[in-house]
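Shown below: my_file-v9.cif, with mmCIF, C-alpha atoms.
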data_start
#
loop_
_atom_site.label_atom_id
_atom_site.label_comp_id
_atom_site.auth_asym_id
_atom_site.auth_seq_id
_atom_site.Cartn_x
_atom_site.Cartn_y
_atom_site.Cartn_z
CA MET A 1 32.71 -14.32 2.42
CA ARG A 2 30.53 -11.90 4.38
CA HIS A 3 30.56 -9.52 1.41
CA ARG A 4 29.25 -12.27 -0.88
CA LYS A 5 26.54 -13.21 1.63
CA PHE A 6 25.34 -9.62 1.86
CA LEU A 7 25.22 -8.87 -1.86
CA VAL A 8 23.12 -10.77 -4.41
CA ASP A 9 23.29 -11.16 -8.16
CA LYS A 10 22.08 -8.12 -10.11
CA SER A 11 19.36 -10.23 -11.77
CA TYR A 12 17.46 -10.24 -8.46
CA TYR A 13 17.55 -6.45 -8.30
CA LYS A 14 16.40 -6.21 -11.92
CA ALA A 15 13.47 -8.58 -11.33
CA ASN A 16 12.45 -6.56 -8.27
CA ILE A 17 12.63 -3.28 -10.14
CA ALA A 18 10.68 -4.59 -13.15
CA LEU A 19 7.74 -5.64 -10.99
CA ALA A 20 8.03 -2.89 -8.39
CA ALA A 21 8.18 0.11 -10.75
CA PRO A 22 4.52 -0.02 -11.87
CA ILE A 23 3.35 -0.71 -8.29
CA ILE A 24 5.42 2.24 -7.08
CA LEU A 25 4.00 4.54 -9.75
CA ALA A 26 0.44 3.44 -8.95
CA ASN A 27 1.02 3.80 -5.21
CA ALA A 28 2.77 7.13 -5.68
CA GLY A 29 -0.11 8.33 -7.83
CA GLN A 30 -2.57 7.36 -5.11
CA ALA A 31 -0.44 8.98 -2.43
CA LEU A 32 0.02 12.09 -4.58
CA VAL A 33 -3.75 12.51 -4.63
CA SER A 34 -3.70 12.43 -0.83
CA VAL A 35 -0.94 15.05 -0.83
CA ILE A 36 -2.89 17.26 -3.22
CA ASP A 37 -6.13 16.70 -1.28
CA ASN A 38 -4.47 17.87 1.90
CA ALA A 39 -2.69 20.77 0.19
CA MET A 40 -5.94 21.98 -1.37
CA VAL A 41 -7.98 21.51 1.80
CA GLY A 42 -5.16 22.96 3.91
CA ARG A 43 -5.53 26.27 2.06
CA LEU A 44 -9.00 26.55 3.62
CA GLY A 45 -7.51 26.66 7.15
CA ALA A 46 -6.40 24.46 10.04
CA ASP A 47 -9.91 23.26 10.99
CA PRO A 48 -10.86 21.89 7.53
CA LEU A 49 -7.48 20.15 7.31
CA ALA A 50 -7.89 18.73 10.82
CA ALA A 51 -11.42 17.55 9.90
CA ALA A 52 -10.21 15.78 6.76
CA ALA A 53 -7.37 14.24 8.79
CA PHE A 54 -9.70 13.07 11.58
CA ALA A 55 -12.34 11.54 9.29
CA GLY A 56 -9.79 10.18 6.82
CA VAL A 57 -7.81 8.33 9.48
CA LEU A 58 -10.94 6.72 10.92
CA VAL A 59 -12.15 5.48 7.52
CA MET A 60 -8.66 4.40 6.47
CA ASN A 61 -8.31 2.33 9.62
CA VAL A 62 -11.29 0.23 8.48
CA LEU A 63 -10.37 0.29 4.78
CA VAL A 64 -6.97 -1.15 5.68
CA PHE A 65 -8.78 -4.16 7.12
CA GLY A 66 -10.47 -4.70 3.75
CA MET A 67 -7.21 -4.16 1.86
CA GLY A 68 -5.53 -6.83 3.95
CA MET A 69 -8.32 -9.28 3.13
CA ALA A 70 -7.81 -8.56 -0.58
CA TYR A 71 -4.03 -9.02 -0.34
CA GLY A 72 -4.56 -12.64 0.65
CA LEU A 73 -5.38 -13.38 -2.99
CA THR A 74 -1.92 -12.55 -4.36
CA PRO A 75 0.16 -15.46 -2.97
CA LEU A 76 -2.58 -17.96 -3.84
CA ILE A 77 -2.83 -16.69 -7.41
CA GLY A 78 0.96 -16.52 -7.62
CA LYS A 79 1.48 -20.17 -6.70
CA ALA A 80 -1.32 -21.36 -9.01
CA HIS A 81 0.02 -19.27 -11.88
CA ALA A 82 3.59 -20.51 -11.34
CA ALA A 83 2.24 -24.08 -11.56
CA GLY A 84 0.42 -23.25 -14.82
CA ASN A 85 -3.00 -24.05 -13.35
CA ASP A 86 -5.36 -21.56 -15.05
CA ARG A 87 -8.47 -23.19 -13.59
CA GLN A 88 -7.23 -22.72 -10.06
CA VAL A 89 -6.25 -19.11 -10.85
CA SER A 90 -9.80 -18.47 -12.10
CA TYR A 91 -11.24 -20.29 -9.09
CA PHE A 92 -9.46 -18.04 -6.60
CA TYR A 93 -10.14 -14.95 -8.72
CA GLN A 94 -13.90 -15.58 -8.94
CA ASN A 95 -14.30 -16.25 -5.23
CA SER A 96 -12.23 -13.19 -4.36
CA LEU A 97 -14.65 -10.98 -6.26
CA SER A 98 -17.64 -12.27 -4.31
CA LEU A 99 -15.80 -12.20 -0.97
CA ASN A 100 -14.52 -8.65 -1.46
CA ALA A 101 -17.97 -7.43 -2.46
CA MET A 102 -19.42 -8.80 0.77
CA ILE A 103 -16.57 -7.40 2.85
CA GLY A 104 -16.90 -3.98 1.18
CA ALA A 105 -20.64 -3.84 1.90
CA ALA A 106 -20.09 -4.91 5.52
CA LEU A 107 -17.37 -2.31 6.13
CA CYS A 108 -19.56 0.46 4.70
CA ALA A 109 -22.46 -0.58 6.95
CA VAL A 110 -20.28 -0.66 10.08
CA LEU A 111 -18.70 2.74 9.41
CA LEU A 112 -22.02 4.43 8.63
CA ALA A 113 -23.52 3.00 11.81
CA CYS A 114 -20.59 4.48 13.77
CA THR A 115 -21.08 8.05 12.48
CA PRO A 116 -22.58 9.30 15.81
CA LEU A 117 -19.39 8.23 17.61
CA LEU A 118 -17.45 11.06 15.95
CA ASP A 119 -18.97 13.41 18.54
CA HIS A 120 -17.31 11.52 21.40
CA MET A 121 -13.63 11.31 20.38
CA GLY A 122 -12.28 14.43 22.04
CA GLN A 123 -12.15 16.63 18.92
CA SER A 124 -13.40 20.21 18.73
CA GLU A 125 -17.03 20.82 17.77
CA ASN A 126 -16.14 22.61 14.52
CA VAL A 127 -13.73 19.88 13.42
CA VAL A 128 -16.41 17.22 13.99
CA ARG A 129 -19.03 19.26 12.10
CA LEU A 130 -16.75 19.51 9.07
CA ALA A 131 -15.63 15.89 9.35
CA LYS A 132 -19.03 14.17 9.20
CA PRO A 133 -19.93 14.67 5.50
CA PHE A 134 -16.33 13.86 4.54
CA TYR A 135 -16.52 10.67 6.60
CA ILE A 136 -19.80 9.52 5.00
CA LEU A 137 -18.70 10.03 1.39
CA VAL A 138 -15.32 8.36 1.82
CA THR A 139 -17.04 5.47 3.62
CA VAL A 140 -19.31 4.83 0.62
CA SER A 141 -16.24 4.79 -1.66
CA ILE A 142 -14.95 1.66 0.12
CA PHE A 143 -17.35 -0.66 -1.74
CA PRO A 144 -16.13 0.02 -5.31
CA TYR A 145 -12.55 0.15 -4.08
CA MET A 146 -12.79 -3.39 -2.68
CA ILE A 147 -13.95 -4.65 -6.09
CA PHE A 148 -11.02 -2.85 -7.69
CA LEU A 149 -8.64 -4.59 -5.28
CA SER A 150 -9.82 -8.02 -6.47
CA PHE A 151 -8.82 -7.11 -10.02
CA LYS A 152 -5.56 -5.51 -8.87
CA GLN A 153 -4.38 -8.40 -6.69
CA PHE A 154 -5.33 -10.92 -9.39
CA MET A 155 -3.17 -9.10 -11.93
CA GLU A 156 -0.26 -8.76 -9.51
CA GLY A 157 -0.52 -12.46 -8.66
CA ILE A 158 0.04 -13.43 -12.31
CA GLY A 159 2.93 -10.98 -12.54
CA ASN A 160 1.31 -8.00 -14.30
CA THR A 161 1.60 -4.80 -12.31
CA THR A 162 1.27 -2.34 -15.19
CA VAL A 163 -2.48 -2.35 -15.83
CA SER A 164 -3.48 -1.36 -12.30
CA MET A 165 -0.84 1.38 -12.44
CA VAL A 166 -2.39 2.92 -15.56
CA ILE A 167 -5.95 2.71 -14.23
CA THR A 168 -4.94 4.16 -10.86
CA ILE A 169 -3.10 7.10 -12.43
CA VAL A 170 -5.97 7.89 -14.84
CA CYS A 171 -8.54 7.85 -12.02
CA ASN A 172 -6.26 9.93 -9.82
CA VAL A 173 -6.11 12.64 -12.48
CA VAL A 174 -9.92 12.58 -12.48
CA ASN A 175 -9.84 12.88 -8.68
CA ILE A 176 -7.60 15.94 -8.78
CA PHE A 177 -9.78 17.61 -11.42
CA PHE A 178 -12.94 17.10 -9.37
CA ASN A 179 -11.09 18.34 -6.28
CA TRP A 180 -10.61 21.66 -8.05
CA VAL A 181 -14.24 21.67 -9.15
CA PHE A 182 -15.92 20.75 -5.86
CA ILE A 183 -13.57 22.11 -3.18
CA TYR A 184 -13.51 25.62 -4.67
CA GLY A 185 -16.84 25.61 -6.57
CA LYS A 186 -15.55 25.84 -10.14
CA LEU A 187 -17.46 25.37 -13.42
CA GLY A 188 -20.75 26.19 -11.74
CA ALA A 189 -20.43 23.46 -9.07
CA PRO A 190 -21.22 24.24 -5.41
CA GLU A 191 -18.27 25.20 -3.20
CA LEU A 192 -18.11 22.21 -0.83
CA GLY A 193 -14.74 22.75 0.84
CA ALA A 194 -13.32 19.60 2.48
CA THR A 195 -16.47 17.68 1.53
CA GLY A 196 -15.60 18.29 -2.12
CA ALA A 197 -12.39 16.31 -1.71
CA ALA A 198 -14.38 13.37 -0.33
CA LEU A 199 -16.87 13.54 -3.23
CA SER A 200 -13.98 13.50 -5.70
CA THR A 201 -12.59 10.40 -4.00
CA LEU A 202 -15.95 8.64 -4.32
CA ILE A 203 -16.23 9.46 -8.03
CA SER A 204 -12.71 8.27 -8.86
CA ARG A 205 -13.02 5.07 -6.82
CA ALA A 206 -16.31 4.23 -8.52
CA MET A 207 -14.57 4.51 -11.90
CA MET A 208 -11.66 2.21 -11.03
CA PRO A 209 -13.40 -1.22 -10.98
CA VAL A 210 -15.55 -0.33 -14.00
CA ILE A 211 -12.52 0.47 -16.16
CA PHE A 212 -10.65 -2.60 -14.87
CA PHE A 213 -13.58 -4.94 -15.60
CA VAL A 214 -14.00 -3.67 -19.17
CA TYR A 215 -10.27 -4.07 -19.84
CA LEU A 216 -9.98 -7.58 -18.41
CA ARG A 217 -13.23 -8.83 -19.92
CA THR A 218 -12.29 -7.74 -23.42
CA HIS A 219 -8.57 -8.59 -23.40
CA TYR A 220 -7.84 -11.90 -25.15
CA ARG A 221 -5.22 -12.95 -22.61
CA TYR A 222 -7.18 -12.20 -19.44
CA GLY A 223 -10.68 -12.81 -20.74
CA ARG A 224 -10.06 -16.57 -20.62
CA TYR A 225 -10.12 -16.45 -16.84
CA PHE A 226 -13.65 -15.03 -16.99
CA ARG A 227 -14.66 -17.83 -19.36
CA LEU A 228 -13.63 -20.33 -16.71
CA PHE A 229 -16.02 -18.74 -14.21
CA SER A 230 -18.87 -20.99 -13.11
CA VAL A 231 -21.60 -20.87 -10.50
CA ARG A 232 -20.25 -24.18 -9.17
CA ASN A 233 -16.92 -22.50 -8.47
CA PHE A 234 -18.43 -20.33 -5.72
CA THR A 235 -17.54 -22.37 -2.66
CA LEU A 236 -17.34 -21.78 1.07
CA ARG A 237 -14.12 -23.76 1.05
CA CYS A 238 -12.42 -21.23 -1.23
CA HIS A 239 -13.81 -18.32 0.76
CA ARG A 240 -12.37 -19.88 3.91
CA GLN A 241 -9.02 -20.39 2.17
CA LEU A 242 -8.92 -16.75 1.11
CA LEU A 243 -9.91 -15.71 4.62
CA SER A 244 -7.24 -17.91 6.19
CA ILE A 245 -4.56 -15.92 4.35
CA GLY A 246 -6.29 -12.56 4.24
CA THR A 247 -7.48 -12.31 7.84
CA PRO A 248 -4.03 -12.33 9.51
CA ILE A 249 -2.73 -9.85 6.90
CA SER A 250 -5.78 -7.71 7.50
CA LEU A 251 -5.42 -7.77 11.27
CA GLN A 252 -1.71 -6.98 11.06
CA MET A 253 -2.39 -3.99 8.80
CA THR A 254 -5.35 -2.85 10.91
CA ILE A 255 -3.32 -2.94 14.10
CA GLU A 256 -0.55 -0.89 12.47
CA MET A 257 -3.15 1.57 11.22
CA LEU A 258 -4.68 1.70 14.69
CA ALA A 259 -1.34 2.91 15.98
CA LEU A 260 -1.42 5.70 13.38
CA SER A 261 -5.00 6.52 14.32
CA MET A 262 -4.19 6.66 18.03
CA THR A 263 -1.29 8.95 17.22
CA ALA A 264 -3.65 11.29 15.35
CA ILE A 265 -6.16 11.18 18.22
CA MET A 266 -3.46 11.89 20.81
CA MET A 267 -2.16 14.77 18.69
CA GLY A 268 -5.75 16.09 18.62
CA TRP A 269 -5.76 16.06 22.42
CA ILE A 270 -2.93 18.59 22.32
CA GLY A 271 -4.76 20.83 19.82
CA ALA A 272 -5.99 21.42 16.26
CA ALA A 273 -2.56 22.72 15.20
CA SER A 274 -0.88 19.52 16.38
CA LEU A 275 -3.46 17.39 14.55
CA ALA A 276 -3.00 19.42 11.36
CA ALA A 277 0.80 19.06 11.63
CA ASN A 278 0.40 15.34 12.22
CA GLN A 279 -1.64 15.06 9.02
CA ILE A 280 1.03 16.88 7.04
CA VAL A 281 3.78 14.55 8.25
CA LEU A 282 1.63 11.43 7.74
CA THR A 283 0.69 12.53 4.23
CA VAL A 284 4.30 13.10 3.19
CA MET A 285 5.48 9.91 4.89
CA SER A 286 2.75 7.92 3.15
CA PHE A 287 3.84 9.35 -0.18
CA MET A 288 7.49 8.44 0.42
CA PHE A 289 6.45 5.02 1.78
CA MET A 290 4.85 4.12 -1.55
CA VAL A 291 8.25 3.23 -3.01
CA THR A 292 9.06 0.68 -0.33
CA SER A 293 5.47 -0.55 -0.43
CA GLY A 294 5.93 -1.19 -4.16
CA ILE A 295 9.19 -3.03 -3.53
CA SER A 296 7.42 -5.11 -0.86
CA GLY A 297 4.63 -5.96 -3.31
CA ALA A 298 7.16 -7.06 -5.90
CA VAL A 299 8.93 -9.23 -3.32
CA THR A 300 5.60 -10.87 -2.44
CA VAL A 301 4.98 -11.82 -6.09
CA LEU A 302 8.55 -12.99 -6.73
CA VAL A 303 8.66 -15.08 -3.57
CA SER A 304 5.26 -16.63 -4.33
CA HIS A 305 6.58 -17.67 -7.77
CA SER A 306 9.85 -19.09 -6.35
CA MET A 307 10.40 -22.73 -5.51
CA ARG A 308 13.99 -22.52 -4.25
CA ALA A 309 14.94 -21.22 -0.80
CA ARG A 310 18.00 -19.50 -2.31
CA ASP A 311 15.83 -17.45 -4.68
CA ILE A 312 13.45 -16.50 -1.88
CA MET A 313 16.32 -15.21 0.25
CA ASN A 314 17.98 -13.34 -2.60
CA TYR A 315 14.77 -11.63 -3.75
CA THR A 316 14.19 -10.58 -0.14
CA LYS A 317 17.74 -9.27 0.30
CA ALA A 318 17.60 -7.33 -2.97
CA GLY A 319 14.32 -5.73 -1.90
CA MET A 320 15.64 -4.83 1.54
CA HIS A 321 18.80 -3.27 0.08
CA MET A 322 16.73 -1.07 -2.25
CA SER A 323 14.29 -0.11 0.50
CA ALA A 324 17.06 0.84 2.92
CA ALA A 325 18.87 2.99 0.35
CA TYR A 326 15.70 4.82 -0.61
CA MET A 327 14.53 5.39 2.96
CA PHE A 328 17.94 6.81 3.89
CA MET A 329 17.42 9.49 1.24
CA ALA A 330 13.89 10.11 2.54
CA SER A 331 15.20 10.58 6.09
CA MET A 332 17.73 13.17 4.87
CA LEU A 333 14.93 15.03 3.10
CA PHE A 334 12.86 15.11 6.29
CA ILE A 335 15.77 16.37 8.38
CA PHE A 336 16.93 19.14 6.06
CA ALA A 337 13.71 20.15 4.27
CA GLY A 338 10.88 19.22 6.65
CA ARG A 339 9.96 22.82 7.42
CA TYR A 340 9.84 23.78 3.74
CA ILE A 341 7.72 20.72 2.92
CA ALA A 342 5.23 21.69 5.63
CA LEU A 343 4.90 25.17 4.09
CA ILE A 344 3.39 23.56 0.98
CA PHE A 345 0.38 22.49 3.03
CA ASN A 346 -0.25 25.27 5.52
CA ASN A 347 0.82 28.83 6.36
CA ASP A 348 0.11 28.70 10.10
CA PRO A 349 3.48 29.24 11.89
CA GLN A 350 2.46 27.00 14.80
CA VAL A 351 1.51 24.13 12.45
CA ILE A 352 4.77 24.53 10.50
CA ASP A 353 6.89 24.52 13.66
CA ILE A 354 5.25 21.36 15.02
CA ALA A 355 5.49 19.56 11.65
CA ALA A 356 9.18 20.42 11.31
CA ARG A 357 9.92 18.91 14.74
CA VAL A 358 7.90 15.77 14.03
CA PHE A 359 9.68 15.30 10.68
CA ILE A 360 12.96 14.97 12.60
CA VAL A 361 11.53 12.12 14.69
CA ALA A 362 10.08 10.45 11.57
CA ALA A 363 13.52 10.53 9.92
CA MET A 364 14.89 8.40 12.76
CA PHE A 365 12.86 5.32 11.78
CA GLU A 366 12.55 5.63 7.98
CA ILE A 367 15.13 2.91 7.25
CA SER A 368 13.54 0.55 9.78
CA ASP A 369 10.15 1.19 8.18
CA GLY A 370 11.46 0.23 4.75
CA LEU A 371 13.09 -2.94 6.05
CA GLN A 372 10.05 -4.13 8.01
CA VAL A 373 7.60 -3.75 5.12
CA THR A 374 9.94 -5.51 2.67
CA ALA A 375 10.51 -8.44 5.02
CA LEU A 376 6.76 -8.55 5.57
CA GLY A 377 6.25 -8.78 1.79
CA ALA A 378 8.51 -11.84 1.67
CA LEU A 379 6.56 -13.51 4.48
CA ARG A 380 3.29 -12.89 2.64
CA GLY A 381 4.77 -14.45 -0.49
CA MET A 382 5.43 -17.58 1.55
CA ALA A 383 1.85 -17.36 2.93
CA ASP A 384 3.38 -16.98 6.42
CA VAL A 385 0.86 -14.52 7.83
CA LEU A 386 -0.14 -15.68 11.32
CA ARG A 387 3.15 -15.02 13.15
CA PRO A 388 3.57 -11.49 11.70
CA MET A 389 0.06 -10.71 12.93
CA ILE A 390 1.02 -11.81 16.46
CA TYR A 391 4.16 -9.69 16.24
CA ALA A 392 2.04 -6.70 15.18
CA VAL A 393 -0.23 -7.05 18.21
CA VAL A 394 2.74 -6.95 20.55
CA ILE A 395 4.66 -4.24 18.67
CA TYR A 396 1.91 -1.72 18.03
CA LEU A 397 -0.57 -2.30 20.85
CA LEU A 398 1.80 -3.15 23.70
CA VAL A 399 4.87 -1.12 22.68
CA ASN A 400 4.17 1.65 20.15
CA ILE A 401 1.00 3.22 21.57
CA PRO A 402 1.97 2.97 25.29
CA VAL A 403 5.47 4.35 24.66
CA GLY A 404 4.02 7.21 22.62
CA TYR A 405 1.54 8.09 25.37
CA LEU A 406 4.16 7.75 28.11
CA LEU A 407 6.72 9.98 26.37
CA GLY A 408 4.18 12.43 24.99
CA PHE A 409 2.07 13.09 28.09
CA VAL A 410 3.70 11.55 31.18
CA VAL A 411 7.28 12.54 30.41
CA GLY A 412 6.03 15.73 28.76
CA MET A 413 7.78 15.51 25.39
CA GLY A 414 4.58 16.48 23.57
CA GLU A 415 4.27 15.80 19.84
CA GLU A 416 7.82 14.43 19.48
CA GLY A 417 7.24 12.02 22.35
CA ILE A 418 4.08 10.64 20.76
CA TRP A 419 6.00 9.97 17.54
CA CYS A 420 8.91 8.35 19.39
CA GLY A 421 6.52 5.47 19.98
CA PHE A 422 6.76 4.74 16.26
CA PHE A 423 10.55 4.73 16.40
CA VAL A 424 10.49 1.97 19.01
CA GLY A 425 7.65 0.03 17.37
CA VAL A 426 8.84 0.10 13.75
CA THR A 427 12.45 -0.72 14.66
CA THR A 428 11.26 -3.71 16.68
CA ALA A 429 9.10 -4.82 13.72
CA ALA A 430 12.05 -4.65 11.32
CA ILE A 431 14.14 -6.92 13.56
CA LEU A 432 11.40 -9.49 14.20
CA PHE A 433 10.20 -9.73 10.57
CA ALA A 434 13.75 -10.05 9.20
CA MET A 435 14.51 -12.83 11.69
CA ARG A 436 11.29 -14.60 10.72
CA VAL A 437 12.24 -14.54 7.02
CA ARG A 438 15.65 -15.97 7.79
CA ASN A 439 14.18 -18.76 9.92
CA LYS A 440 11.52 -19.63 7.32
CA VAL A 441 14.11 -19.83 4.53
CA LYS A 442 16.41 -21.89 6.73
CA SER A 443 13.59 -24.34 7.48
CA ARG A 444 12.84 -24.68 3.76
CA THR A 445 16.50 -25.40 3.06
CA LEU A 446 16.64 -28.07 5.74
CA PHE A 447 13.39 -29.61 4.41
CA ALA A 448 14.83 -29.73 0.89
CA HIS A 449 18.00 -31.48 2.15
CA ASN A 450 15.89 -34.03 4.06
CA ILE A 451 13.83 -34.78 0.95
CA ARG A 452 17.01 -35.50 -0.98
#
Show me, as structure tokens, the structure contained in the file I just sent.
Amino acid sequence: MRHRKFLVDKSYYKANIALAAPIILANAGQALVSVIDNAMVGRLGADPLAAAAFAGVLVMNVLVFGMGMAYGLTPLIGKAHAAGNDRQVSYFYQNSLSLNAMIGAALCAVLLACTPLLDHMGQSENVVRLAKPFYILVTVSIFPYMIFLSFKQFMEGIGNTTVSMVITIVCNVVNIFFNWVFIYGKLGAPELGATGAALSTLISRAMMPVIFFVYLRTHYRYGRYFRLFSVRNFTLRCHRQLLSIGTPISLQMTIEMLALSMTAIMMGWIGAASLAANQIVLTVMSFMFMVTSGISGAVTVLVSHSMRARDIMNYTKAGMHMSAAYMFMASMLFIFAGRYIALIFNNDPQVIDIAARVFIVAAMFEISDGLQVTALGALRGMADVLRPMIYAVVIYLLVNIPVGYLLGFVVGMGEEGIWCGFFVGVTTAAILFAMRVRNKVKSRTLFAHNIR
């Protein structure tokens, strides 16, 4: 009986894989660009890599807020699409475009206004000098990326994850090409170093929404949603509805990213080598995480399309099984090959040694990380976003960061101690999110019985 409760029918795994595969490839392509960015910049030395890490984490912390706002569109589109209501799909889609444009502009303005604060975050003078132009260019790239996210989340909401994958991969190839051109000064271009990587990011992100718009506007199947656009459809009510779903997702993601940012800042307190090693581990972890992130995205779509509690639970279980299996393999890779992976990015023996030790700590919570993000995807599919946000506040602000500081500096465990904060935080998140899914599904089952 327990065996049957644990396993689910293979059709649930197949449905997850069919939707997740394109998301995974798109996410992996995006993460691969980050890996290549850091590998190419890392060849310039520890300071340029530390500068890219410092500026990149700060911008990403704010971009994550915008991404969370955009993700609120998917469950709304999913439910409208499952009901066959094209007008409502178009309604949410249109308002998401306007809302994301405003959010993107606001985030750019805030980040640019905060540029002088980079001098007061405890980093070395040379790292800050190299970080500023990188920070400004990547900040500007947020605006087109937010428009792209409206198109992406719309397509995922109606069950198409392939188009965004293709566009992302094409633009990532462009990014890598311009990295080579601008970082090293090829084809007559100026040699910009780390700043060249940021310029390449801006160019590729500017291309993404343009290509997406042309495709959707001219495609017979998706163009009909544009034809349903109307000035009267722009409403504060819809903007508030999108915000009611997107804001808790955004805050949850921002808080988690804040924990990553604080880790990077604390590693910088130890030294440039520790910060560079931290960036290597984060880059590789982010790349590996793209698979479970794709599975989570697929679970969100499948759950938003499901009407039965049994299907919701089975899609969630199938996703969690796949995430756990994959993250187990990732943890083995970190344990046995962490040092060799670090050598891809940097030749400094001190950086390699620190990265190898941190990889061991990261391996300890890989499975928990996969489980928590998959359970979170199911909760988003059910539009249950407020409670996970509250959990995130407690987990990352009151547990993760304090434990990392305590073990890293008070107990004296150094870099490994700082990362042990993640082990405690992510494992707690996995338990709480999984319990929340179970309780939500149970409440739906009881509601269905009462209706009958």
Selection dump of the PyMOL selection byres ((chain A and resi 333) around 12), as an MDAnalysis selection string: chainID A and resid 284:285 288 326:332 334:341 356 359:360 362:364 366
Just write the chosen residues, C-alpha atoms, as an mmCIF file, in the frame of the given file.
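Once everything was written out, this is result-v9.cif:
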data_model
loop_
_atom_site.group_PDB
_atom_site.id
_atom_site.type_symbol
_atom_site.label_atom_id
_atom_site.label_comp_id
_atom_site.auth_asym_id
_atom_site.auth_seq_id
_atom_site.Cartn_x
_atom_site.Cartn_y
_atom_site.Cartn_z
ATOM 1 C CA VAL A 284 4.300 13.100 3.190
ATOM 2 C CA MET A 285 5.480 9.910 4.890
ATOM 3 C CA MET A 288 7.490 8.440 0.420
ATOM 4 C CA TYR A 326 15.700 4.820 -0.610
ATOM 5 C CA MET A 327 14.530 5.390 2.960
ATOM 6 C CA PHE A 328 17.940 6.810 3.890
ATOM 7 C CA MET A 329 17.420 9.490 1.240
ATOM 8 C CA ALA A 330 13.890 10.110 2.540
ATOM 9 C CA SER A 331 15.200 10.580 6.090
ATOM 10 C CA MET A 332 17.730 13.170 4.870
ATOM 11 C CA PHE A 334 12.860 15.110 6.290
ATOM 12 C CA ILE A 335 15.770 16.370 8.380
ATOM 13 C CA PHE A 336 16.930 19.140 6.060
ATOM 14 C CA ALA A 337 13.710 20.150 4.270
ATOM 15 C CA GLY A 338 10.880 19.220 6.650
ATOM 16 C CA ARG A 339 9.960 22.820 7.420
ATOM 17 C CA TYR A 340 9.840 23.780 3.740
ATOM 18 C CA ILE A 341 7.720 20.720 2.920
ATOM 19 C CA ALA A 356 9.180 20.420 11.310
ATOM 20 C CA PHE A 359 9.680 15.300 10.680
ATOM 21 C CA ILE A 360 12.960 14.970 12.600
ATOM 22 C CA ALA A 362 10.080 10.450 11.570
ATOM 23 C CA ALA A 363 13.520 10.530 9.920
ATOM 24 C CA MET A 364 14.890 8.400 12.760
ATOM 25 C CA GLU A 366 12.550 5.630 7.980
#
Residue contacts of Val173 in chain A (12 Å, all atoms listed in the file) excluding same-chain residues fewer than 2 positions away, as a ChimeraX atom specification: /A:26,29-30,32-34,36-37,166-171,175-180,200-201,203-205,207-208
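Computed from the coordinates, the CA of Asn439 in chain A to CA of Phe365 in chain A distance equals 24.2 Å.
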For the structure provided, state which residues fall under the PyMOL selection byres ((chain A and resi 405) around 10), and present them as a list in words. Met262, Thr263, Met266, Asn400, Ile401, Pro402, Val403, Gly404, Leu406, Leu407, Gly408, Phe409, Val410, Val411, Gly412, Met413, Gly414, Glu415, Gly417, Ile418, Trp419, Cys420 and Gly421 of chain A
Residue among A:Ser286, A:Ser164, A:Gln350, A:Asn100 lying closest to Ala272 in chain A, counting all atoms listed in the file: A:Gln350
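Of the residues under consideration (A:Gly196, A:Gly122, A:Gly157, A:Gly66), A:Gly66 shows the shortest atom-to-atom contact distance to Tyr145 in chain A when counting all atoms listed in the file.
Shell of range 243-254 of chain A at 8 Å, with all atoms listed in the file counted and residues fewer than 6 places along the chain excluded, is Asn61, Val62, Val64, Phe65, Gly66, Met67, Gly68, Met69, Ala70, Tyr71, Gly72, Leu73, Arg380, Ala383, Val385, Leu386, Pro388, Met389, Ile390, Ala392 and Val393 of chain A.
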